[in-house]
Amino acid sequence: SPKSSRIATNGGSIPLSAVREATFGMGCFWEPAESLLKQPGVLATTVGYTGAPPNKPPPTYDSVCFGNDWVEAVRVAYDDELVSYNQLLDYFFQLQKPAYSRQYASIIFVNDATEAKDAKQWKKESVSSGKQERGDNLSYDVVDIESASPFFRAEEYHQRYWEKQRLRLLLGLTLIAGESGAYNEFFDGALGKVEIFGLSFESACGAFFFVSAAWLLLERLIARDVQELKQGDLITLAKQN
């Protein structure tokens, strides 16, 4: 069974019946994973790597960035009583941000013959209809369809990335303001006289900012917590969260 991990869920209960999983290459996976989670019927998302040839060793972010085998992908758990597979494909197309490399390719990874048939029909009808769902005129022809292959959940710092980055940005700006003395007159000037571990309040804010920035860099360099997820594991993880 999968190890308990923090994943992105929409906060609702995760029913067992009617829940399915799908996997998409959507370009850099940070933003699409968050955007997909906001769509009706989508219950949970996680980001990872897939699409490599058989017998490849488990990936790391570096091997994905500097190789030509792995695809950054978003795995989705969805309730097919609330959103059909074809509707999910529409979400995928509208929200993806692909580029012209294997890492950031636009790919539907199909789990079985039924999904393969549905995905091919969806693409054929979308191309032939000439419909345009995006302001950038991205063509449906960029979408590839491949059989699903082993999916490895990416390092923890990639999960819920923008959600965490917004909090980190707020903290960073708060500490920078503190270092500049912006809070010194708070509480009738008392805050400016506070010492933390022998440091003035301004110096402490600067030190905390430096430590936080160093940790972000260190996390990026040492993280190796890539974990293979089997079909159904995302639903299990969602229930644990």
# chains A, B, ... in the order shown; residues from 1 in each chain; ligands from 1

call {"tool": "closest_atom_pairs", "arguments": {"of": "segment 143-171 of chain A", "to": "segment 60-77 of chain A", "cutoff": "10 Å", "atoms": "only C-alpha atoms", "output": "tab-separated table"}}
result
residue	atom	partner	partner_atom	distance
A:Phe151	CA	A:Ala73	CA	8.4
A:Phe152	CA	A:Thr60	CA	9.3
A:Arg153	CA	A:Arg75	CA	8.9
A:Ala154	CA	A:Tyr61	CA	7.6
A:Glu155	CA	A:Tyr61	CA	7.7
A:His158	CA	A:Tyr61	CA	9.5

call {"tool": "closest_residue", "arguments": {"among": "A:Val47, A:Ala214, A:Leu171, A:Met26", "to": "Ile107 of chain A", "atoms": "only C-alpha atoms"}}
result
A:Met26

call {"tool": "select_by_dssp", "arguments": {"residues": "segment 72-209 of chain A", "states": "helix (DSSP H, G or I)", "output": "short mmCIF file (atom, residue, chain, number, x, y, z; two decimals) with C-alpha atoms, in the first residue's frame"}}
result
data_model
loop_
_atom_site.label_atom_id
_atom_site.label_comp_id
_atom_site.auth_asym_id
_atom_site.auth_seq_id
_atom_site.Cartn_x
_atom_site.Cartn_y
_atom_site.Cartn_z
CA TYR A 85 -14.09 10.93 -19.21
CA ASN A 86 -14.72 13.12 -22.27
CA GLN A 87 -15.39 16.14 -20.04
CA LEU A 88 -12.15 15.37 -18.19
CA LEU A 89 -10.33 15.36 -21.53
CA ASP A 90 -11.78 18.79 -22.23
CA TYR A 91 -10.43 20.01 -18.87
CA PHE A 92 -7.05 18.49 -19.73
CA PHE A 93 -6.88 20.31 -23.05
CA GLN A 94 -8.05 23.66 -21.72
CA LEU A 95 -5.70 23.70 -18.71
CA ALA A 113 -8.79 -0.29 -24.57
CA THR A 114 -11.98 1.59 -23.66
CA GLU A 115 -10.09 4.72 -22.67
CA ALA A 116 -7.92 4.42 -25.79
CA LYS A 117 -11.00 4.25 -28.00
CA ASP A 118 -12.66 7.18 -26.20
CA ALA A 119 -9.49 9.32 -26.31
CA LYS A 120 -8.93 8.69 -30.02
CA GLN A 121 -12.55 9.49 -30.79
CA TRP A 122 -12.41 12.65 -28.67
CA LYS A 123 -9.29 13.84 -30.50
CA LYS A 124 -10.68 12.97 -33.94
CA GLU A 125 -13.94 14.81 -33.30
CA SER A 126 -12.16 17.80 -31.75
CA VAL A 127 -9.78 18.14 -34.71
CA SER A 128 -12.47 17.66 -37.37
CA SER A 129 -14.91 20.06 -35.72
CA TYR A 140 -5.63 19.43 -30.79
CA ASP A 141 -3.00 17.88 -33.06
CA VAL A 142 -0.35 18.42 -30.36
CA GLU A 156 7.29 16.24 -1.96
CA TYR A 157 8.37 19.80 -2.73
CA HIS A 158 6.57 19.53 -6.08
CA TYR A 161 3.58 23.63 -5.29
CA TRP A 162 1.86 26.95 -5.92
CA GLU A 163 -0.17 26.68 -2.73
CA LYS A 164 3.07 26.39 -0.77
CA GLN A 165 4.85 29.05 -2.82
CA ARG A 166 2.15 31.63 -2.09
CA LEU A 167 2.57 31.03 1.64
CA ARG A 168 6.35 31.19 1.32
CA LEU A 169 6.14 34.45 -0.60
CA LEU A 170 3.94 35.97 2.10
CA LEU A 171 6.36 34.80 4.81
CA GLY A 172 9.35 36.10 2.87
CA LEU A 173 7.83 39.54 2.37
CA THR A 174 6.88 39.65 6.05
CA LEU A 175 10.45 38.84 7.12
CA ILE A 176 11.96 41.36 4.68
CA ALA A 177 9.67 44.04 6.09
CA GLY A 178 10.68 43.04 9.61
CA GLU A 179 14.38 43.26 8.73
CA LEU A 191 8.47 45.25 19.10
CA GLY A 192 11.55 47.14 17.99
CA LYS A 193 13.17 46.41 21.36
CA PHE A 201 14.12 41.90 16.02
CA GLU A 202 15.38 43.21 12.66
CA SER A 203 18.40 40.88 12.69
CA ALA A 204 16.25 37.93 13.70
CA CYS A 205 13.92 38.54 10.75
CA GLY A 206 16.92 38.65 8.42
CA ALA A 207 18.33 35.44 9.90
CA PHE A 208 15.02 33.60 9.59
CA PHE A 209 14.75 34.75 5.97
#

call {"tool": "select_by_dssp", "arguments": {"residues": "segment 28-223 of chain A", "states": "strand (DSSP E)", "output": "JSON, numbers by chain"}}
result
{"A": [42, 43, 44, 45, 46, 47, 48, 49, 50, 71, 72, 73, 74, 75, 76, 77, 78, 79, 106, 107, 108, 109, 110, 144, 145, 146, 147, 151, 152, 153, 195, 196, 199, 200]}

call {"tool": "closest_residue", "arguments": {"among": "A:Gly25, A:Asn55, A:Val226, A:Ile196", "to": "Ala99 of chain A", "atoms": "only C-alpha atoms"}}
result
A:Gly25

call {"tool": "closest_residue", "arguments": {"among": "A:Tyr78, A:Asn111, A:Gln132, A:Trp215", "to": "Leu37 of chain A", "atoms": "only C-alpha atoms"}}
result
A:Tyr78
